[in-house]
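See below for the structure under consideration.
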Amino acid sequence: MAVVSESKARPGQAGPETRSGDPRAEYTRRLEARRAMAARQARLYPIIGGLRLAVLIAGGVVLWRLLGGGPSVLAWALLPLGILFGVLVVVQERVFQTRRRFERAAAFYERGLARLEDRWAGQGVTGERFLNDAHPYAADLDVFGQGSLFELLCTARTRVGEETLASWLSHAAAPEEVRARQAAVAELRPRLDLREELALLGDEVRSGLHPEALAAWSAATPVFSSRAARVTAAVLAALTSVAIMLWMGGFGLIPFWVMVVIEVAFAYPLRPRVRRVIREVEQPGRDLALLAQVLGRFEREPFASTRLVALRAELETAGRQPSRQIARLHRLINLLDWRLNQLFRPLSMPLLWATQFAFAVEAWRRDAGPAVARWLAAVGEIEALCALAGYAYEHPDDPFPEFTERAAGFDGEGIGHPLIPEGRCVRTDLRLGGDLRVLIVSGSNMSGKSTLLRTVGTNAVLAQAGAPVRARRLRLSPLAVGASIRINDSLQTGVSRFYAEITRLRQLMDLTKRPLPLLFLLDEILHGTNSHDRRIGAAAVVRGLVERGAIGLVTTHDLALAQITDELSVHAANVHFEDHLENGKMTFDYRLRPGVVRKSNALELMRSVGLEV
């Protein structure tokens, strides 16, 4: 590990929340403890249910004896029995909720063990909604989709957390930003309790927070802005309450009806806007409850890294914690909903209940609304950092990369693909930079050429998101990543595979005009055309990329393309993968070797599946 990354990683190597340096052992210990607690609550639940039934029967017996002419002293038993029954109802509900919480905690560690045992694919959030065919590498490097990098990493509870993580994986951050994330991830890495508690928030939904709608609602101009109108509504409701009490005291209905007429004259013109307030706050109100839980948990956590301290400082609004402000809005919305209660509805109208709380909600939006976008951004970053911290905790041998400000470069030692199980992952050393700008990778089918491209690209994406990388050591410059690996035709748009590929190559050429040097990954370049055009076109594309300061890899099984190195001199080199035929079966060692491959396995592979060639 490089010197810079060691300084970033050291705080995360131990912590008060992790008893074991082995994540598998720690997850197993916690899983067994959570299951045991859930089982204990499950055994307790029917016992309390039996006690409730016994108390109910005892109360029924007492009531039956009283109605049958029994001693009146038995009536004194009804009150304690009723209180005891109510207590048992509350206790049983708490036991049920506690059991569910322990079961969800057990599921959290089951998912963690599934990741450690490479059984995670298809069990998490795939992030397919973030796929974009126009993105220069997301589809080629399996960033999103089932079995993707996003599914491996994502533990976010809210949509804004998912969107932040997706953005980090889709766009390279500046080195100073990456270092800030590395320090935050290193601090969060041992905080397993924090990640467990965040995972248990929002029981009813996984990703209930809709950031676009919430940000739009909070930033919109309040429907009501007049403080005088709000005071008037409160005064009218108070006077109407006095009129009701006068009526109940025998002073007649005239004061009450006078106040009703005044209230109708005041409230009727406001009805459309009151209904609009109620309609618009319904969805944000539900979302903010989950947001408050995430922020409330974050507010209780002590932090030392610059990024996490700054995040918490950004949450403060006029010296008030956002979780408390959100809780206040939640109370206002709950009180607003009282108007729907059949028993309370007759009183809600003369008390101008909906109007008063519509004013209160809008006052909240006017005071705290501008800060909601900042809270959303903070929650998204918190969850994204926790996702990377969970990955770092589960892969303690993966280091943080070191960034250099010098010319374009990628220098990796023992790099492997993070989506390939460790037991099957063959690591390799690879260096690009300085005079060497491009490697031409030759080899037979299934020898590992495409996997090498994805290994380099995926680690570059992880590195520039702020995560550890699958390597013994990685040093790189800031890079824009572009790939042409998984290019498909489109029947709907009438685009052939060849046209789709050259369109992507044009996109990669355009990326070289931007400030960041390009890391290009080209798999079987231009194999959709004839050999003559392919050789000329491939040489021109690679030469153009190198001349524009890009570095990268180009794979081929057409040995004629290996001659590109002759044109580029010291700026290019040939490397290859080999295969062997053993007992009629093709075997691969996936070891990268210098030079050009000298044999092909196409015919052997065709025969191995039963084709007569």
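Residue numbering restarts at 1 for every chain of the structure tokens, chains are lettered A, B, ... in their displayed order, and ligands are numbered from 1 as they appear.
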Worksheet entry | Members of stretch 88-153 of chain A assigned alpha helix (DSSP H) by DSSP, as JSON, numbers by chain | {"A": [88, 89, 90, 91, 92, 93, 94, 95, 96, 97, 98, 99, 100, 101, 102, 103, 104, 105, 106, 107, 108, 109, 110, 111, 112, 113, 114, 115, 116, 149, 150, 151, 152, 153]}
Please produce a file of those selected residues containing C-alpha atoms, as a PDB file, in the first residue's frame.
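This is the output file again09.pdb:
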```
ATOM      1  CA  LEU A  88     -49.948  -6.328  28.662  1.00  0.00           C
ATOM      2  CA  VAL A  89     -51.203  -5.047  25.287  1.00  0.00           C
ATOM      3  CA  VAL A  90     -48.431  -2.450  25.199  1.00  0.00           C
ATOM      4  CA  VAL A  91     -45.773  -4.935  26.332  1.00  0.00           C
ATOM      5  CA  GLN A  92     -46.833  -7.537  23.774  1.00  0.00           C
ATOM      6  CA  GLU A  93     -46.669  -4.974  20.973  1.00  0.00           C
ATOM      7  CA  ARG A  94     -43.170  -3.965  22.085  1.00  0.00           C
ATOM      8  CA  VAL A  95     -42.117  -7.612  22.150  1.00  0.00           C
ATOM      9  CA  PHE A  96     -43.449  -8.018  18.610  1.00  0.00           C
ATOM     10  CA  GLN A  97     -41.594  -4.920  17.361  1.00  0.00           C
ATOM     11  CA  THR A  98     -38.403  -5.980  19.142  1.00  0.00           C
ATOM     12  CA  ARG A  99     -38.625  -9.412  17.549  1.00  0.00           C
ATOM     13  CA  ARG A 100     -39.053  -7.872  14.104  1.00  0.00           C
ATOM     14  CA  ARG A 101     -36.072  -5.599  14.713  1.00  0.00           C
ATOM     15  CA  PHE A 102     -33.831  -8.512  15.703  1.00  0.00           C
ATOM     16  CA  GLU A 103     -35.047 -10.476  12.682  1.00  0.00           C
ATOM     17  CA  ARG A 104     -34.173  -7.567  10.404  1.00  0.00           C
ATOM     18  CA  ALA A 105     -30.794  -7.242  12.089  1.00  0.00           C
ATOM     19  CA  ALA A 106     -30.209 -10.949  11.481  1.00  0.00           C
ATOM     20  CA  ALA A 107     -31.115 -10.425   7.831  1.00  0.00           C
ATOM     21  CA  PHE A 108     -28.565  -7.577   7.666  1.00  0.00           C
ATOM     22  CA  TYR A 109     -25.771  -9.942   8.748  1.00  0.00           C
ATOM     23  CA  GLU A 110     -27.074 -12.730   6.529  1.00  0.00           C
ATOM     24  CA  ARG A 111     -26.665 -10.379   3.561  1.00  0.00           C
ATOM     25  CA  GLY A 112     -23.165  -9.511   4.779  1.00  0.00           C
ATOM     26  CA  LEU A 113     -22.196 -13.178   4.953  1.00  0.00           C
ATOM     27  CA  ALA A 114     -23.692 -13.706   1.499  1.00  0.00           C
ATOM     28  CA  ARG A 115     -21.361 -11.016   0.159  1.00  0.00           C
ATOM     29  CA  LEU A 116     -18.369 -12.566   1.900  1.00  0.00           C
ATOM     30  CA  LEU A 149     -20.547  -3.333  -8.688  1.00  0.00           C
ATOM     31  CA  PHE A 150     -23.462  -1.207  -7.464  1.00  0.00           C
ATOM     32  CA  GLU A 151     -25.322  -4.255  -6.116  1.00  0.00           C
ATOM     33  CA  LEU A 152     -22.181  -5.384  -4.278  1.00  0.00           C
ATOM     34  CA  LEU A 153     -21.659  -1.984  -2.668  1.00  0.00           C
TER      35      LEU A 153
END
```
Practice prompt. Find the spatial neighbours of A:Val596, counting only C-alpha atoms, within a cut-off of 6 Å - ignore same-chain residues fewer than 5 positions away - and output them as a list in words.
Written response: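 So, after excluding close chain neighbours, the residues are Asn574, Val575 and His576 of chain A.
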Kindly save the residues from that selection, with N, CA and C atoms included, as an mmCIF file, in the first residue's frame.
```
data_model
loop_
_atom_site.group_PDB
_atom_site.id
_atom_site.type_symbol
_atom_site.label_atom_id
_atom_site.label_comp_id
_atom_site.auth_asym_id
_atom_site.auth_seq_id
_atom_site.Cartn_x
_atom_site.Cartn_y
_atom_site.Cartn_z
ATOM 1 N N ASN A 574 3.263 -5.280 -26.769
ATOM 2 C CA ASN A 574 2.393 -6.447 -26.895
ATOM 3 C C ASN A 574 2.476 -7.305 -25.649
ATOM 4 N N VAL A 575 1.336 -7.759 -25.172
ATOM 5 C CA VAL A 575 1.250 -8.751 -24.093
ATOM 6 C C VAL A 575 0.203 -9.775 -24.510
ATOM 7 N N HIS A 576 0.201 -10.933 -23.864
ATOM 8 C CA HIS A 576 -0.749 -11.963 -24.302
ATOM 9 C C HIS A 576 -1.098 -12.924 -23.173
#
```
List as CSV every residue of stretch 228-252 of chain A that is in contact with stretch 258-278 of chain A, defined as an atom at most 9 Å from one of its atoms (using only C-alpha atoms), together with the nearest atom pair and the distance in Å rounded to one decimal, sorted by chain and then rising number.
```
residue,atom,partner,partner_atom,distance
A:Thr232,CA,A:Phe266,CA,8.9
A:Ala233,CA,A:Phe266,CA,8.1
A:Leu236,CA,A:Glu263,CA,6.7
A:Ala237,CA,A:Glu263,CA,8.2
A:Leu239,CA,A:Met259,CA,7.3
A:Thr240,CA,A:Met259,CA,5.7
A:Ala243,CA,A:Met259,CA,7.5
```
Could you name the residues that touch stretch 180-184 of chain A at 8 Å or less, counting only C-alpha atoms, but leaving out those on the same chain fewer than 6 positions away, as a PDB file with N, CA and C atoms, in the first residue's frame?
```
ATOM      1  N   LYS A   8      -4.396   7.160   5.400  1.00  0.00           N
ATOM      2  CA  LYS A   8      -5.855   7.267   5.371  1.00  0.00           C
ATOM      3  C   LYS A   8      -6.509   6.039   5.994  1.00  0.00           C
ATOM      4  N   ALA A   9      -5.908   4.869   5.798  1.00  0.00           N
ATOM      5  CA  ALA A   9      -6.573   3.630   6.194  1.00  0.00           C
ATOM      6  C   ALA A   9      -6.377   3.306   7.661  1.00  0.00           C
ATOM      7  N   SER A 305     -12.925  12.862  11.207  1.00  0.00           N
ATOM      8  CA  SER A 305     -12.437  13.180   9.861  1.00  0.00           C
ATOM      9  C   SER A 305     -13.071  14.477   9.369  1.00  0.00           C
ATOM     10  N   THR A 306     -12.318  15.191   8.550  1.00  0.00           N
ATOM     11  CA  THR A 306     -12.744  16.517   8.096  1.00  0.00           C
ATOM     12  C   THR A 306     -14.088  16.459   7.380  1.00  0.00           C
ATOM     13  N   ARG A 307     -14.271  15.479   6.494  1.00  0.00           N
ATOM     14  CA  ARG A 307     -15.494  15.418   5.710  1.00  0.00           C
ATOM     15  C   ARG A 307     -16.713  15.175   6.600  1.00  0.00           C
ATOM     16  N   LEU A 308     -16.626  14.241   7.534  1.00  0.00           N
ATOM     17  CA  LEU A 308     -17.771  13.924   8.382  1.00  0.00           C
ATOM     18  C   LEU A 308     -18.102  15.064   9.333  1.00  0.00           C
ATOM     19  N   LEU A 385     -21.079   6.941   1.856  1.00  0.00           N
ATOM     20  CA  LEU A 385     -19.853   6.680   2.612  1.00  0.00           C
ATOM     21  C   LEU A 385     -19.978   5.408   3.446  1.00  0.00           C
ATOM     22  N   PHE A 400      -6.511   1.428   0.029  1.00  0.00           N
ATOM     23  CA  PHE A 400      -6.883   2.637  -0.698  1.00  0.00           C
ATOM     24  C   PHE A 400      -5.794   2.948  -1.708  1.00  0.00           C
ATOM     25  N   GLY A 466     -13.590   6.761  -4.198  1.00  0.00           N
ATOM     26  CA  GLY A 466     -13.161   6.866  -2.802  1.00  0.00           C
ATOM     27  C   GLY A 466     -13.123   5.545  -2.077  1.00  0.00           C
ATOM     28  N   ALA A 467     -13.261   4.432  -2.796  1.00  0.00           N
ATOM     29  CA  ALA A 467     -13.310   3.109  -2.183  1.00  0.00           C
ATOM     30  C   ALA A 467     -11.944   2.433  -2.236  1.00  0.00           C
TER      31      ALA A 467
END
```
Item to complete: Pull the strand (DSSP E) assignments for stretch 532-587 of chain A out of DSSP run on the backbone, and list those residues as a list in words.
Response: Ile551, Gly552, Leu553, Val554, Thr555, Thr556, Ala572, Ala573, Asn574, Val575, His576, Asp579, His580, Leu581, Glu582, Lys585, Met586 and Thr587 of chain A
File of the preceding selection, C-alpha atoms, as a compact mmCIF listing (two decimals), in the first residue's frame:
```txt
# COMPACT_ATOMS: atom_id res chain seq x y z
CA ILE A 551 -3.51 5.57 -22.10
CA GLY A 552 -5.22 2.21 -22.36
CA LEU A 553 -5.53 -1.38 -23.47
CA VAL A 554 -6.68 -2.92 -26.75
CA THR A 555 -7.50 -6.63 -27.00
CA THR A 556 -7.47 -8.70 -30.15
CA ALA A 572 3.05 0.54 -27.22
CA ALA A 573 3.84 -3.02 -26.22
CA ASN A 574 2.39 -6.45 -26.89
CA VAL A 575 1.25 -8.75 -24.09
CA HIS A 576 -0.75 -11.96 -24.30
CA ASP A 579 -4.10 -21.62 -23.20
CA HIS A 580 -3.34 -25.31 -23.13
CA LEU A 581 -5.12 -28.42 -24.37
CA GLU A 582 -5.05 -31.13 -21.72
CA LYS A 585 -10.06 -29.96 -22.63
CA MET A 586 -8.99 -26.33 -22.92
CA THR A 587 -7.34 -24.90 -19.81
```
Discussion item. Using only C-alpha atoms, can you tell me which of A:Lys513, A:Arg475, A:Arg159, A:His527 comes closest to A:Tyr499?
Written reply: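 Comparing A:Lys513, A:Arg475, A:Arg159, A:His527 against A:Tyr499, the winner is A:His527.
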Discussion item. List the spatial neighbours of A:Ser323 as a PyMOL selection string - criterion: any atom at most 8 Å away, only C-alpha atoms, same-chain residues fewer than 4 positions off excluded.
Written reply: chain A and resi 291-293+295-296+327
Worksheet item: For A:Arg119, which residue among A:Pro396, A:Gly390, A:Gly147, A:Gly380 is the nearest when counting only C-alpha atoms?
Response: A:Gly147
Discussion item. I'd like the neighbourhood of A:Arg473 as a PyMOL selection string, where a residue qualifies if any of its atoms comes within 8 Å (using only C-alpha atoms), though same-chain residues fewer than 2 positions away should be ignored.
Written reply: chain A and resi 1-2+399+401+412-415+471+475
Item to complete: For A:Val242, list every protein, DNA or RNA residue within 12 Å, evaluated using only C-alpha atoms, and leave out those in the same chain fewer than 2 positions away; present the list as a PyMOL selection string.
Response: chain A and resi 235-240+244-249+251+253+255-256+259+350-351
Those same residues - C-alpha atoms - I'd like them written as a PDB file, in the first residue's frame.
```
ATOM      1  CA  VAL A 235     -57.922  34.032  17.365  1.00  0.00           C
ATOM      2  CA  LEU A 236     -61.138  32.986  15.613  1.00  0.00           C
ATOM      3  CA  ALA A 237     -60.686  29.372  16.725  1.00  0.00           C
ATOM      4  CA  ALA A 238     -60.103  30.542  20.319  1.00  0.00           C
ATOM      5  CA  LEU A 239     -63.210  32.763  20.280  1.00  0.00           C
ATOM      6  CA  THR A 240     -65.269  29.922  18.828  1.00  0.00           C
ATOM      7  CA  ILE A 244     -68.927  26.643  22.631  1.00  0.00           C
ATOM      8  CA  MET A 245     -68.182  26.776  26.363  1.00  0.00           C
ATOM      9  CA  LEU A 246     -70.749  29.568  26.795  1.00  0.00           C
ATOM     10  CA  TRP A 247     -73.326  27.447  25.016  1.00  0.00           C
ATOM     11  CA  MET A 248     -72.515  24.504  27.286  1.00  0.00           C
ATOM     12  CA  GLY A 249     -72.837  26.866  30.261  1.00  0.00           C
ATOM     13  CA  PHE A 251     -75.831  31.116  27.491  1.00  0.00           C
ATOM     14  CA  LEU A 253     -76.250  29.406  20.687  1.00  0.00           C
ATOM     15  CA  PRO A 255     -72.433  33.610  20.185  1.00  0.00           C
ATOM     16  CA  PHE A 256     -71.543  30.258  18.577  1.00  0.00           C
ATOM     17  CA  MET A 259     -68.530  32.975  15.281  1.00  0.00           C
ATOM     18  CA  PRO A 350     -65.415  25.215  14.040  1.00  0.00           C
ATOM     19  CA  LEU A 351     -61.830  25.146  15.274  1.00  0.00           C
TER      20      LEU A 351
END
```
Worksheet entry | Closest of A:His557, A:Leu388, A:Gly423, A:Leu201 to A:Asn445 - atom-to-atom distances counting only C-alpha atoms |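 Of A:His557, A:Leu388, A:Gly423, A:Leu201, the one nearest A:Asn445, counting only C-alpha atoms, is A:His557.
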Worksheet item: Could you work out how far atom CA of A:Val125 lies from atom CA of A:Thr158, giving the answer in Å with one decimal?
Response: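 Straight-line distance from atom CA of A:Thr158 to atom CA of A:Val125 works out to 11.3 Å.
Distances to A:Asp22 were evaluated for A:Arg374, A:His395, A:Arg129, A:Arg157 using only C-alpha atoms, and the minimum falls at A:His395.
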Practice prompt. Considering only C-alpha atoms, return as a PyMOL selection string whatever protein or nucleic-acid residues lie within 12 Å of A:Asp133, sequence-local ones (same chain, fewer than 4 positions apart) excluded.
Written response: chain A and resi 128-129+137-140+144+483-484+486-490+500-501+503-504
Item to complete: Between atom CA of A:Ser218 and atom CA of A:Ala373, measure the distance and give it in Å to one decimal.
Response: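 One can read the atom CA of A:Ser218 to atom CA of A:Ala373 distance as 7.7 Å.
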Discussion item. Calculated over only C-alpha atoms, which of the candidates A:Ile57, A:Val223, A:Leu516, A:Leu311 has the smallest distance to A:Trp364?
Written reply: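 Among the listed residues, A:Val223 lies closest to A:Trp364.
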Practice prompt. Take atom CA of A:Gly457 and atom CA of A:Leu559 and report the distance between them in Å, one decimal.
Written response: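 We find that atom CA of A:Gly457 and atom CA of A:Leu559 lie 23.9 Å from each other.
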